[in-house]
file work.txt (compact mmCIF, C-alpha atoms)
# COMPACT_ATOMS: atom_id res chain seq x y z
CA MET T 1488 187.77 77.92 184.86
CA SER T 1489 184.29 76.45 185.36
CA PHE T 1490 181.01 78.16 186.21
CA PRO T 1491 178.54 76.93 188.78
CA PRO T 1492 175.82 74.73 187.34
CA SER T 1493 173.18 77.36 188.16
CA THR T 1494 174.70 79.89 185.72
CA GLU T 1495 175.10 77.61 182.71
CA LEU T 1496 172.57 77.73 179.87
CA SER T 1497 171.93 74.58 177.93
CA THR T 1498 171.53 74.70 174.15
CA PRO T 1499 167.77 73.88 174.24
CA ALA T 1500 167.15 76.64 176.78
CA LEU T 1501 169.07 79.17 174.68
CA GLY T 1502 167.10 78.18 171.58
CA MET T 1503 163.84 78.66 173.46
CA ILE T 1504 164.84 82.19 174.47
CA VAL T 1505 165.76 83.10 170.89
CA SER T 1506 162.45 81.69 169.62
CA THR T 1507 160.54 83.72 172.20
CA VAL T 1508 162.35 86.92 171.18
CA ASN T 1509 161.59 86.29 167.49
CA ALA T 1510 157.94 85.60 168.30
CA LEU T 1511 157.69 88.91 170.17
CA ARG T 1512 159.25 90.75 167.22
CA ILE T 1513 156.74 89.22 164.80
CA GLN T 1514 153.88 90.09 167.15
CA ARG T 1515 155.02 93.71 167.39
CA ALA T 1516 155.43 93.90 163.59
CA ILE T 1517 151.90 92.60 163.03
CA LYS T 1518 150.52 95.00 165.61
CA ALA T 1519 152.35 97.93 164.02
CA SER T 1520 151.14 96.98 160.54
CA GLY T 1521 147.56 97.05 161.81
CA LYS T 1522 147.86 100.70 162.80
CA ARG T 1523 146.40 103.18 160.38
CA ALA T 1524 148.43 106.05 159.04
CA TYR T 1525 147.52 109.24 157.19
CA HIS T 1526 148.27 107.65 153.83
CA ASP T 1527 145.65 104.94 154.53
CA LEU T 1528 142.93 107.60 154.24
CA VAL T 1529 141.66 108.56 150.79
CA THR T 1530 138.91 111.10 150.25
CA LEU T 1531 136.81 110.55 147.14
CA PRO T 1532 135.50 113.44 144.98
CA GLY T 1533 132.15 113.17 146.80
CA GLN T 1534 133.95 113.63 150.16
CA LYS T 1535 133.39 109.96 151.07
CA PRO T 1536 136.34 108.68 153.15
CA ILE T 1537 138.05 105.41 152.19
CA VAL T 1538 140.28 103.79 154.82
CA SER T 1539 142.52 100.82 154.03
CA GLN T 1540 143.60 98.36 156.70
CA GLY T 1541 145.49 95.13 157.21
CA ILE T 1542 148.81 93.92 155.89
CA PRO T 1543 149.19 93.54 152.09
CA GLY T 1544 148.10 90.14 150.88
CA TYR T 1545 145.10 88.00 150.14
CA SER T 1546 143.19 89.36 153.15
CA ALA T 1547 144.04 93.03 152.59
CA VAL T 1548 141.19 95.54 152.73
CA SER T 1549 141.57 98.64 150.58
CA GLY T 1550 138.29 100.17 151.73
CA HIS T 1551 137.02 100.49 148.16
CA VAL T 1552 133.79 98.88 146.98
CA VAL T 1553 133.60 98.26 143.23
CA THR T 1554 130.80 97.02 141.00
CA VAL T 1555 131.77 95.38 137.71
CA PHE T 1556 128.84 94.98 135.31
CA GLY T 1557 129.64 92.47 132.57
CA CYS T 1558 132.14 90.74 134.85
CA THR T 1559 131.32 87.26 133.53
CA GLY T 1560 132.64 88.18 130.09
CA PHE T 1561 136.13 87.76 128.68
CA LEU T 1562 137.66 90.99 130.03
CA GLY T 1563 135.57 91.10 133.21
CA ARG T 1564 137.05 87.93 134.68
CA TYR T 1565 140.58 89.29 134.53
CA LEU T 1566 139.53 92.67 135.91
CA VAL T 1567 137.86 91.10 138.95
CA SER T 1568 140.97 89.01 139.53
CA LYS T 1569 143.12 92.14 139.46
CA LEU T 1570 140.80 93.98 141.84
CA GLY T 1571 140.33 91.07 144.23
CA HIS T 1572 143.81 89.63 144.76
CA SER T 1573 146.19 90.78 142.07
CA ALA T 1574 149.95 91.01 142.36
CA ALA T 1575 149.42 94.47 143.81
CA LYS T 1576 147.07 92.96 146.43
CA LEU T 1577 144.42 95.61 146.04
CA GLY T 1578 142.05 93.89 148.46
CA THR T 1579 138.97 95.55 147.01
CA GLN T 1580 135.45 94.40 147.76
CA VAL T 1581 133.92 93.58 144.37
CA ILE T 1582 130.21 93.33 143.63
CA ILE T 1583 129.60 90.64 141.00
CA PRO T 1584 126.33 91.16 139.08
CA TYR T 1585 125.49 87.91 137.27
CA ARG T 1586 122.76 86.32 135.19
CA ASP T 1587 123.96 82.72 135.25
CA GLU T 1588 124.92 81.15 138.58
CA ASP T 1589 127.38 78.78 136.93
CA GLU T 1590 129.31 81.65 135.35
CA ALA T 1591 129.60 83.45 138.69
CA ARG T 1592 131.21 80.53 140.53
CA ILE T 1593 134.65 81.21 139.08
CA PHE T 1594 134.93 84.37 141.17
CA LYS T 1595 134.85 82.61 144.56
CA PRO T 1596 138.64 82.21 144.93
CA MET T 1597 139.39 85.72 143.67
CA GLY T 1598 139.06 87.36 147.08
CA ASP T 1599 138.90 86.62 150.77
CA LEU T 1600 135.66 85.91 152.64
CA GLY T 1601 133.24 88.78 152.13
CA GLN T 1602 135.32 90.46 149.42
CA ILE T 1603 133.48 88.87 146.49
CA VAL T 1604 129.75 89.61 146.68
CA ARG T 1605 127.59 88.03 143.98
CA MET T 1606 124.22 89.58 143.09
CA GLU T 1607 121.74 88.56 140.42
CA TRP T 1608 120.79 91.28 137.94
CA ASP T 1609 119.10 92.08 134.65
CA ILE T 1610 120.22 94.98 132.50
CA ARG T 1611 116.56 96.02 132.08
CA ASN T 1612 115.77 96.00 135.82
CA GLU T 1613 116.57 99.38 137.36
CA ASN T 1614 115.96 98.20 140.93
CA GLN T 1615 118.50 95.41 140.59
CA ILE T 1616 121.04 97.77 139.04
CA ALA T 1617 120.59 100.26 141.88
CA GLU T 1618 120.99 97.50 144.47
CA CYS T 1619 124.24 96.34 142.82
CA LEU T 1620 125.92 99.73 142.94
CA ARG T 1621 124.44 101.59 145.89
CA HIS T 1622 127.47 100.96 148.15
CA SER T 1623 130.15 101.35 145.45
CA ASP T 1624 132.54 104.25 144.99
CA ILE T 1625 133.52 103.17 141.46
CA VAL T 1626 131.48 101.33 138.83
CA TYR T 1627 132.84 99.58 135.75
CA ASN T 1628 130.49 98.85 132.85
CA LEU T 1629 131.85 96.06 130.67
CA ALA T 1630 128.47 94.77 129.50
CA GLY T 1631 128.35 94.17 125.75
CA ARG T 1632 127.30 91.85 122.94
CA ASP T 1633 129.34 90.53 120.00
CA TYR T 1634 126.19 89.38 118.23
CA GLU T 1635 122.47 90.07 118.47
CA THR T 1636 119.84 87.69 119.84
CA LYS T 1637 116.05 87.78 120.01
CA ASN T 1638 116.26 89.10 123.59
CA PHE T 1639 119.19 91.51 123.33
CA ASP T 1640 120.21 93.47 120.26
CA PHE T 1641 123.17 95.85 120.10
CA LYS T 1642 121.13 98.92 120.97
CA SER T 1643 119.48 97.43 124.06
CA VAL T 1644 122.90 96.57 125.55
CA HIS T 1645 125.40 99.11 124.20
CA VAL T 1646 123.09 102.14 124.25
CA ASP T 1647 120.02 101.72 126.46
CA GLY T 1648 121.74 99.46 128.98
CA ALA T 1649 124.84 101.64 129.27
CA GLU T 1650 122.75 104.78 129.68
CA ARG T 1651 120.59 103.11 132.33
CA ILE T 1652 123.59 102.02 134.40
CA ALA T 1653 125.29 105.43 134.13
CA LYS T 1654 122.10 107.28 135.06
CA ILE T 1655 121.45 105.15 138.14
CA ALA T 1656 125.11 105.45 139.16
CA ALA T 1657 124.87 109.25 139.01
CA GLU T 1658 121.61 109.26 140.99
CA SER T 1659 123.12 106.95 143.62
CA GLY T 1660 126.08 109.26 144.22
CA VAL T 1661 128.76 106.98 142.76
CA SER T 1662 132.04 108.89 142.63
CA ARG T 1663 133.50 107.38 139.45
CA PHE T 1664 132.13 105.60 136.42
CA VAL T 1665 134.26 103.70 133.88
CA HIS T 1666 132.63 102.65 130.62
CA VAL T 1667 134.41 100.21 128.30
CA SER T 1668 133.70 100.83 124.61
CA HIS T 1669 135.76 99.81 121.55
CA LEU T 1670 138.69 101.30 119.68
CA ASN T 1671 136.67 101.47 116.45
CA ALA T 1672 133.54 103.03 117.95
CA SER T 1673 132.12 105.43 115.36
CA ALA T 1674 128.67 106.74 114.55
CA LYS T 1675 129.59 106.63 110.84
CA SER T 1676 130.75 103.03 110.81
CA GLU T 1677 129.10 100.45 108.55
CA SER T 1678 128.94 98.08 111.52
CA LYS T 1679 125.98 98.33 113.90
CA PHE T 1680 128.28 97.07 116.65
CA TYR T 1681 130.60 100.06 116.26
CA GLN T 1682 127.69 102.46 115.73
CA THR T 1683 125.98 101.47 118.97
CA LYS T 1684 129.28 101.58 120.85
CA ALA T 1685 129.70 105.22 119.78
CA GLU T 1686 126.10 106.09 120.63
CA GLY T 1687 126.49 104.41 124.00
CA GLU T 1688 129.51 106.61 124.76
CA GLU T 1689 127.46 109.75 124.12
CA ARG T 1690 124.58 108.54 126.28
CA VAL T 1691 126.95 107.67 129.12
CA LYS T 1692 128.66 111.09 128.99
CA ALA T 1693 125.27 112.79 129.05
CA ALA T 1694 124.14 110.80 132.09
CA PHE T 1695 127.50 110.85 133.91
CA PRO T 1696 129.56 113.84 132.64
CA THR T 1697 132.77 112.86 134.45
CA ALA T 1698 132.74 109.26 133.19
CA THR T 1699 135.93 107.67 131.89
CA ILE T 1700 135.53 106.04 128.46
CA VAL T 1701 138.03 103.25 127.74
CA ARG T 1702 138.48 102.04 124.14
CA PRO T 1703 140.57 98.85 123.91
CA GLY T 1704 141.46 97.17 120.66
CA ALA T 1705 140.77 93.54 119.80
CA MET T 1706 141.96 91.49 122.78
CA PHE T 1707 143.69 88.12 122.86
CA GLY T 1708 144.07 85.69 125.76
CA TYR T 1709 142.53 82.51 127.13
CA GLU T 1710 139.03 81.90 125.72
CA ASP T 1711 139.40 84.83 123.33
CA LYS T 1712 137.69 85.22 119.98
CA LEU T 1713 140.84 86.10 118.12
CA LEU T 1714 143.76 83.63 118.29
CA THR T 1715 141.72 80.62 119.37
CA ASN T 1716 139.07 81.34 116.75
CA MET T 1717 141.72 81.66 114.06
CA ALA T 1718 143.03 78.23 115.02
CA VAL T 1719 139.55 76.67 114.65
CA TRP T 1720 137.89 78.70 111.86
CA PRO T 1721 140.63 80.25 109.70
CA ILE T 1722 138.28 80.56 106.71
CA TRP T 1723 136.39 83.44 108.34
CA TRP T 1724 139.61 85.37 108.89
CA LYS T 1725 140.66 85.16 105.23
CA LEU T 1726 137.90 87.58 104.25
CA ASN T 1727 139.19 90.65 102.44
CA HIS T 1728 142.17 88.41 101.49
CA GLY T 1729 143.52 88.88 105.02
CA GLU T 1730 144.44 92.50 104.30
CA THR T 1731 142.38 94.03 107.12
CA LYS T 1732 144.59 95.79 109.65
CA ILE T 1733 144.30 95.06 113.35
CA ARG T 1734 146.00 96.26 116.55
CA PRO T 1735 145.70 93.31 118.96
CA VAL T 1736 146.21 93.93 122.69
CA HIS T 1737 146.72 91.49 125.56
CA VAL T 1738 143.65 91.19 127.79
CA LEU T 1739 145.80 91.24 130.94
CA ASP T 1740 147.23 94.62 129.93
CA VAL T 1741 143.75 96.07 129.50
CA ALA T 1742 142.58 94.57 132.81
CA GLN T 1743 145.58 96.05 134.62
CA ALA T 1744 144.94 99.45 133.05
CA LEU T 1745 141.34 99.37 134.26
CA ALA T 1746 142.42 98.32 137.76
CA ASN T 1747 144.97 101.15 137.85
CA LEU T 1748 142.17 103.69 137.38
CA MET T 1749 141.20 103.15 141.02
CA SER T 1750 144.39 104.80 142.27
CA ILE T 1751 144.47 107.57 139.66
CA PRO T 1752 142.69 110.88 140.35
CA GLN T 1753 139.53 111.67 138.42
CA LEU T 1754 140.30 110.97 134.77
CA SER T 1755 137.39 111.92 132.55
CA GLY T 1756 137.25 111.72 128.78
CA ALA T 1757 138.27 108.91 126.43
CA LEU T 1758 141.31 106.63 126.75
CA ASN T 1759 142.45 104.62 123.73
CA LEU T 1760 144.21 101.32 124.51
CA PRO T 1761 145.35 99.77 121.20
CA GLY T 1762 148.01 97.11 120.83
CA PRO T 1763 151.64 98.10 120.23
CA SER T 1764 151.73 97.00 116.57
CA THR T 1765 149.51 97.18 113.52
CA LEU T 1766 149.25 93.77 111.86
CA THR T 1767 147.11 92.14 109.21
CA TYR T 1768 144.85 89.13 109.48
CA GLU T 1769 147.14 87.42 106.99
CA TYR T 1770 150.10 87.75 109.37
CA MET T 1771 147.97 86.63 112.31
CA LEU T 1772 146.95 83.48 110.42
CA ASN T 1773 150.60 82.79 109.55
CA LEU T 1774 151.47 83.27 113.22
CA VAL T 1775 148.83 80.76 114.30
CA ASP T 1776 150.02 78.22 111.72
CA SER T 1777 153.67 78.65 112.75
CA ILE T 1778 152.96 78.20 116.45
CA THR T 1779 150.54 75.29 116.10
CA LEU T 1780 152.87 73.63 113.54
CA ARG T 1781 149.97 72.90 111.25
CA PRO T 1782 149.99 73.34 107.48
CA PRO T 1783 148.32 76.52 106.19
CA THR T 1784 144.63 76.22 105.55
CA ARG T 1785 143.48 75.57 102.00
CA ALA T 1786 140.11 77.19 102.61
CA PRO T 1787 139.13 79.58 99.82
CA VAL T 1788 138.64 83.31 100.23
CA LEU T 1789 134.89 83.83 100.29
CA PRO T 1790 133.38 86.88 98.61
CA LYS T 1791 131.74 89.29 101.01
CA ALA T 1792 128.25 88.62 99.67
CA VAL T 1793 128.65 84.86 100.08
CA ALA T 1794 130.05 85.22 103.61
CA SER T 1795 127.19 87.53 104.59
CA ALA T 1796 124.59 85.11 103.22
CA LEU T 1797 126.14 82.17 105.08
CA ALA T 1798 126.36 84.19 108.29
CA LYS T 1799 122.71 85.22 107.96
CA ALA T 1800 121.65 81.60 107.46
CA ALA T 1801 123.71 80.54 110.48
CA GLN T 1802 121.58 82.70 112.77
CA SER T 1803 118.91 79.97 112.77
CA VAL T 1804 121.04 77.70 114.97
CA TRP T 1805 120.81 78.04 118.76
CA TRP T 1806 124.56 78.25 119.45
CA PRO T 1807 126.64 81.39 118.77
CA ALA T 1808 127.73 81.57 115.14
CA LEU T 1809 129.37 84.19 112.95
CA SER T 1810 126.91 87.05 112.54
CA PRO T 1811 126.43 89.26 109.47
CA ASP T 1812 127.73 92.24 111.43
CA GLU T 1813 130.93 90.36 112.23
CA VAL T 1814 131.46 89.83 108.51
CA ILE T 1815 131.26 93.60 108.05
CA ARG T 1816 133.79 94.12 110.84
CA ARG T 1817 136.28 91.79 109.14
CA TYR T 1818 136.60 94.44 106.41
CA ILE T 1819 137.14 97.43 108.74
CA ASP T 1820 140.68 98.49 109.69
CA ASP T 1821 141.45 99.50 113.28
CA VAL T 1822 141.67 103.27 113.66
CA GLU T 1823 145.03 105.02 113.76
CA VAL T 1824 145.23 106.68 117.17
CA SER T 1825 147.99 106.89 119.74
CA GLY T 1826 147.64 104.81 122.89
CA ASP T 1827 146.99 106.39 126.29
CA TRP T 1828 148.80 103.71 128.27
CA ALA T 1829 150.94 106.21 130.17
CA ALA T 1830 147.82 107.94 131.48
CA VAL T 1831 146.80 104.72 133.25
CA GLY T 1832 150.25 104.04 134.69
CA MET T 1833 151.29 101.46 132.09
CA GLY T 1834 154.29 101.08 129.86
CA LYS T 1835 154.30 99.59 126.40
CA PRO T 1836 151.76 96.75 126.14
CA SER T 1837 152.79 93.22 125.24
CA GLU T 1838 153.25 92.05 121.66
CA VAL T 1839 151.08 89.18 120.50
CA GLU T 1840 154.16 87.00 119.90
CA ASP T 1841 155.07 87.25 123.60
CA HIS T 1842 152.04 85.22 124.68
CA ALA T 1843 150.75 83.42 121.60
CA ILE T 1844 152.30 80.05 122.49
CA THR T 1845 150.55 80.13 125.87
CA TYR T 1846 147.14 80.23 124.24
CA LEU T 1847 147.83 78.15 121.12
CA ARG T 1848 149.96 75.27 122.39
CA ARG T 1849 146.84 73.16 123.00
CA TYR T 1850 146.21 73.11 119.24
CA ARG T 1851 149.50 71.30 118.61
CA SER T 1852 149.61 67.56 118.07
CA ALA T 1853 151.16 65.34 120.75
CA GLU T 1854 154.21 64.87 118.53
CA ASN T 1855 154.80 68.63 118.21
CA PHE T 1856 153.66 69.70 121.68
CA VAL T 1857 157.07 70.61 123.12
CA LYS T 1858 158.87 71.67 119.95
CA PRO T 1859 160.43 75.15 120.01
CA VAL T 1860 158.48 78.14 118.78
CA VAL T 1861 159.40 79.70 115.46
CA PHE T 1862 157.68 82.95 114.52
CA PRO T 1863 157.04 83.99 110.92
CA SER T 1864 158.95 87.01 109.68
CA ARG T 1865 157.04 90.19 110.18
CA PRO T 1866 156.25 92.29 107.12
CA ALA T 1867 157.43 95.87 106.88
CA PRO T 1868 155.90 98.18 109.51
CA ILE T 1869 152.30 98.93 108.63
CA THR T 1870 150.54 102.26 108.99
CA LEU T 1871 146.79 102.45 108.75
CA SER T 1872 147.00 105.37 106.36
CA GLU T 1873 148.63 103.24 103.69

call {"tool": "encode", "arguments": {"input": "work.txt", "output": "structure tokens"}}
result
Amino acid sequence: MSFPPSTELSTPALGMIVSTVNALRIQRAIKASGKRAYHDLVTLPGQKPIVSQGIPGYSAVSGHVVTVFGCTGFLGRYLVSKLGHSAAKLGTQVIIPYRDEDEARIFKPMGDLGQIVRMEWDIRNENQIAECLRHSDIVYNLAGRDYETKNFDFKSVHVDGAERIAKIAAESGVSRFVHVSHLNASAKSESKFYQTKAEGEERVKAAFPTATIVRPGAMFGYEDKLLTNMAVWPIWWKLNHGETKIRPVHVLDVAQALANLMSIPQLSGALNLPGPSTLTYEYMLNLVDSITLRPPTRAPVLPKAVASALAKAAQSVWWPALSPDEVIRRYIDDVEVSGDWAAVGMGKPSEVEDHAITYLRRYRSAENFVKPVVFPSRPAPITLSE
């Protein structure tokens, strides 16, 4: 039985109809995703409404505006990346306060057009600080110094600068303030770095009572001052015969924890974010040697007085060098406190062995570049009370 020619559908015509139907379905899906629902509305503690819109992805808009002071530093770069276009696609508009234009360029691809807003600032200029945070509903302060210079000592950054930012944030009606300190912050520490970190915490809490204080341990990652520095200058990590205890934590874990604070209700007080294991500098040096496949260093163990004198003399050069306060820190064990990772929606942080090859492979020779990784045997579990 045959049908009249007028009722037959050719294969190209049928394919065109199917394509049209699929196109209409996609159009309806996009239109539906653009509609706002009740869960897209978030009311901040100050009663400011935040409305998210758009489909998840690079161009998502969460409605939040965040200022990250100290964003051009080691941790700040990863935090901005998480806030701008992380795996969770937060789609947050991030204000980037910067001092050096070249350092701020790396943030351009971290968010869609208009989501990354760069603004020049100086930690001593209150007007610039107020301009950077006046539209923000959450402010992160990551500004800090590892060593002192003629323009900025520890107190001017960790204490006066932190207090100034927190005070202006409170006066501007910012809903949340997150201040990043250090795991070893203590007013009784021998290190001025740790002393000023502790004093800065107190000043911030006085200026912004509901502030969240985050205390990460020593962080490792690309461009860090831990693994990569050990590969280049192992002699400075043999101080105290390598017996100093450390709790290294992956920088991406800390950045994710900070980004998670945006979706967590008001969380005031201090949060400790140490690494999962307590290790010694001696083990860390052995780890670096095993991964880079280089023979152990024959550098001698310098006495503390000699190392301090050399570090003091090195301050006359214009490039960053080991400071006397860093020598003091090489003799201070990380504090024994439990981690608050669960409070920021995180599980157990990564071990240093999980990522060490990623950051240390470049120190291998061409002959050893692709050889398998062999880790040194870990010593018996270490407790800081030992």

call {"tool": "residues_around", "arguments": {"input": "work.txt", "residues": "Cys1558 of chain T", "least_positions_apart": "2", "cutoff": "8 Å", "atoms": "only C-alpha atoms", "output": "PDB file with C-alpha atoms, keeping the file's coordinate frame"}}
result
ATOM      1  CA  VAL T1555     131.770  95.380 137.710  1.00  0.00           C
ATOM      2  CA  PHE T1556     128.840  94.980 135.310  1.00  0.00           C
ATOM      3  CA  GLY T1560     132.640  88.180 130.090  1.00  0.00           C
ATOM      4  CA  PHE T1561     136.130  87.760 128.680  1.00  0.00           C
ATOM      5  CA  LEU T1562     137.660  90.990 130.030  1.00  0.00           C
ATOM      6  CA  GLY T1563     135.570  91.100 133.210  1.00  0.00           C
ATOM      7  CA  ARG T1564     137.050  87.930 134.680  1.00  0.00           C
ATOM      8  CA  LEU T1566     139.530  92.670 135.910  1.00  0.00           C
ATOM      9  CA  VAL T1567     137.860  91.100 138.950  1.00  0.00           C
ATOM     10  CA  ILE T1583     129.600  90.640 141.000  1.00  0.00           C
ATOM     11  CA  PRO T1584     126.330  91.160 139.080  1.00  0.00           C
ATOM     12  CA  TYR T1585     125.490  87.910 137.270  1.00  0.00           C
ATOM     13  CA  LEU T1629     131.850  96.060 130.670  1.00  0.00           C
ATOM     14  CA  ALA T1630     128.470  94.770 129.500  1.00  0.00           C
TER      15      ALA T1630
END

call {"tool": "atom_distance", "arguments": {"input": "work.txt", "atom1": "atom CA of Gly1762 of chain T", "atom2": "atom CA of Gly1832 of chain T"}}
result
15.7 Å

call {"tool": "residues_around", "arguments": {"input": "work.txt", "residues": "segment 1732-1748 of chain T", "least_positions_apart": "3", "cutoff": "9 Å", "atoms": "all atoms listed in the file", "output": "MDAnalysis selection string"}}
result
chainID T and resid 1561:1570 1577 1627 1665 1701 1703:1709 1711 1713 1729 1751:1754 1760:1768 1818:1822 1828 1831:1833 1836:1839 1842 1869:1871

call {"tool": "atom_distance", "arguments": {"input": "work.txt", "atom1": "atom CA of Glu1658 of chain T", "atom2": "atom CA of His1551 of chain T"}}
result
19.1 Å

call {"tool": "closest_residue", "arguments": {"input": "work.txt", "among": "T:Ala1829, T:Ser1810, T:Asn1727, T:Asn1773", "to": "Lys1791 of chain T", "atoms": "only C-alpha atoms"}}
result
T:Asn1727

call {"tool": "atom_distance", "arguments": {"input": "work.txt", "atom1": "atom CA of Trp1720 of chain T", "atom2": "atom CA of Leu1809 of chain T"}}
result
10.2 Å

call {"tool": "closest_atom_pairs", "arguments": {"input": "work.txt", "of": "segment 1654-1767 of chain T", "to": "segment 1848-1855 of chain T", "cutoff": "12 Å", "atoms": "all atoms listed in the file", "output": "Markdown table"}}
result
| residue | atom | partner | partner_atom | distance |
| --- | --- | --- | --- | --- |
| T:Tyr1709 | CA | T:Arg1849 | CA | 11.1 |
| T:Leu1714 | CA | T:Tyr1850 | CA | 10.8 |
| T:Thr1715 | CA | T:Tyr1850 | CA | 8.8 |
| T:Asn1716 | CA | T:Tyr1850 | CA | 11.2 |
| T:Met1717 | CA | T:Tyr1850 | CA | 11.0 |
| T:Ala1718 | CA | T:Tyr1850 | CA | 7.4 |
| T:Val1719 | CA | T:Tyr1850 | CA | 8.8 |

call {"tool": "closest_residue", "arguments": {"input": "work.txt", "among": "T:Thr1845, T:Thr1636, T:Ser1777, T:Ser1803", "to": "Val1860 of chain T", "atoms": "only C-alpha atoms"}}
result
T:Ser1777

call {"tool": "residues_around", "arguments": {"input": "work.txt", "residues": "Ile1655 of chain T", "least_positions_apart": "6", "cutoff": "8 Å", "atoms": "all atoms listed in the file", "output": "short mmCIF file (atom, residue, chain, number, x, y, z; two decimals) with C-alpha atoms, keeping the file's coordinate frame"}}
result
data_model
loop_
_atom_site.label_atom_id
_atom_site.label_comp_id
_atom_site.auth_asym_id
_atom_site.auth_seq_id
_atom_site.Cartn_x
_atom_site.Cartn_y
_atom_site.Cartn_z
CA GLU T 1613 116.57 99.38 137.36
CA ILE T 1616 121.04 97.77 139.04
CA ALA T 1617 120.59 100.26 141.88
#

call {"tool": "closest_residue", "arguments": {"input": "work.txt", "among": "T:Leu1847, T:Val1691, T:Ile1582, T:Ala1591", "to": "Ser1668 of chain T", "atoms": "all atoms listed in the file"}}
result
T:Val1691

call {"tool": "closest_residue", "arguments": {"input": "work.txt", "among": "T:Asn1638, T:Trp1724, T:Glu1618, T:Val1793", "to": "Lys1712 of chain T", "atoms": "only C-alpha atoms"}}
result
T:Trp1724

call {"tool": "closest_residue", "arguments": {"input": "work.txt", "among": "T:Gly1826, T:Ser1673, T:Tyr1770, T:Ala1698", "to": "Arg1865 of chain T", "atoms": "all atoms listed in the file"}}
result
T:Tyr1770

call {"tool": "residues_around", "arguments": {"input": "work.txt", "residues": "Ala1657 of chain T", "least_positions_apart": "3", "cutoff": "12 Å", "atoms": "only C-alpha atoms", "output": "PyMOL selection string"}}
result
chain T and resi 1533+1617+1620-1621+1623-1626+1650-1654+1660-1664+1691-1698

call {"tool": "build_atoms", "arguments": {"input": "work.txt", "residues": "segment 1741-1757 of chain T", "atoms": "N, CA and C atoms", "output": "PDB file, in the frame of the given file"}}
result
ATOM      1  N   VAL T1741     144.949  95.241 129.405  1.00  0.00           N
ATOM      2  CA  VAL T1741     143.750  96.070 129.500  1.00  0.00           C
ATOM      3  C   VAL T1741     143.153  95.961 130.901  1.00  0.00           C
ATOM      4  N   ALA T1742     143.113  94.747 131.458  1.00  0.00           N
ATOM      5  CA  ALA T1742     142.580  94.570 132.810  1.00  0.00           C
ATOM      6  C   ALA T1742     143.399  95.337 133.834  1.00  0.00           C
ATOM      7  N   GLN T1743     144.730  95.320 133.693  1.00  0.00           N
ATOM      8  CA  GLN T1743     145.580  96.050 134.620  1.00  0.00           C
ATOM      9  C   GLN T1743     145.371  97.555 134.490  1.00  0.00           C
ATOM     10  N   ALA T1744     145.195  98.031 133.262  1.00  0.00           N
ATOM     11  CA  ALA T1744     144.940  99.450 133.050  1.00  0.00           C
ATOM     12  C   ALA T1744     143.642  99.880 133.724  1.00  0.00           C
ATOM     13  N   LEU T1745     142.613  99.050 133.613  1.00  0.00           N
ATOM     14  CA  LEU T1745     141.340  99.370 134.260  1.00  0.00           C
ATOM     15  C   LEU T1745     141.484  99.356 135.777  1.00  0.00           C
ATOM     16  N   ALA T1746     142.222  98.379 136.304  1.00  0.00           N
ATOM     17  CA  ALA T1746     142.420  98.320 137.760  1.00  0.00           C
ATOM     18  C   ALA T1746     143.216  99.520 138.257  1.00  0.00           C
ATOM     19  N   ASN T1747     144.154 100.005 137.452  1.00  0.00           N
ATOM     20  CA  ASN T1747     144.970 101.150 137.850  1.00  0.00           C
ATOM     21  C   ASN T1747     144.145 102.424 137.988  1.00  0.00           C
ATOM     22  N   LEU T1748     142.998 102.489 137.319  1.00  0.00           N
ATOM     23  CA  LEU T1748     142.170 103.690 137.380  1.00  0.00           C
ATOM     24  C   LEU T1748     141.683 103.965 138.803  1.00  0.00           C
ATOM     25  N   MET T1749     141.647 102.950 139.636  1.00  0.00           N
ATOM     26  CA  MET T1749     141.200 103.150 141.020  1.00  0.00           C
ATOM     27  C   MET T1749     142.120 104.082 141.788  1.00  0.00           C
ATOM     28  N   SER T1750     143.415 104.012 141.522  1.00  0.00           N
ATOM     29  CA  SER T1750     144.390 104.800 142.270  1.00  0.00           C
ATOM     30  C   SER T1750     144.787 106.090 141.567  1.00  0.00           C
ATOM     31  N   ILE T1751     144.159 106.358 140.429  1.00  0.00           N
ATOM     32  CA  ILE T1751     144.470 107.570 139.660  1.00  0.00           C
ATOM     33  C   ILE T1751     143.363 108.599 139.918  1.00  0.00           C
ATOM     34  N   PRO T1752     143.717 109.868 140.147  1.00  0.00           N
ATOM     35  CA  PRO T1752     142.690 110.880 140.350  1.00  0.00           C
ATOM     36  C   PRO T1752     141.702 110.924 139.181  1.00  0.00           C
ATOM     37  N   GLN T1753     140.609 111.610 139.406  1.00  0.00           N
ATOM     38  CA  GLN T1753     139.530 111.670 138.420  1.00  0.00           C
ATOM     39  C   GLN T1753     140.086 111.877 137.016  1.00  0.00           C
ATOM     40  N   LEU T1754     139.777 110.942 136.129  1.00  0.00           N
ATOM     41  CA  LEU T1754     140.300 110.970 134.770  1.00  0.00           C
ATOM     42  C   LEU T1754     139.132 110.833 133.813  1.00  0.00           C
ATOM     43  N   SER T1755     138.538 111.962 133.440  1.00  0.00           N
ATOM     44  CA  SER T1755     137.390 111.920 132.550  1.00  0.00           C
ATOM     45  C   SER T1755     137.849 112.017 131.101  1.00  0.00           C
ATOM     46  N   GLY T1756     136.923 111.715 130.199  1.00  0.00           N
ATOM     47  CA  GLY T1756     137.250 111.720 128.780  1.00  0.00           C
ATOM     48  C   GLY T1756     137.501 110.309 128.287  1.00  0.00           C
ATOM     49  N   ALA T1757     138.063 110.198 127.083  1.00  0.00           N
ATOM     50  CA  ALA T1757     138.270 108.910 126.430  1.00  0.00           C
ATOM     51  C   ALA T1757     139.734 108.498 126.489  1.00  0.00           C
TER      52      ALA T1757
END
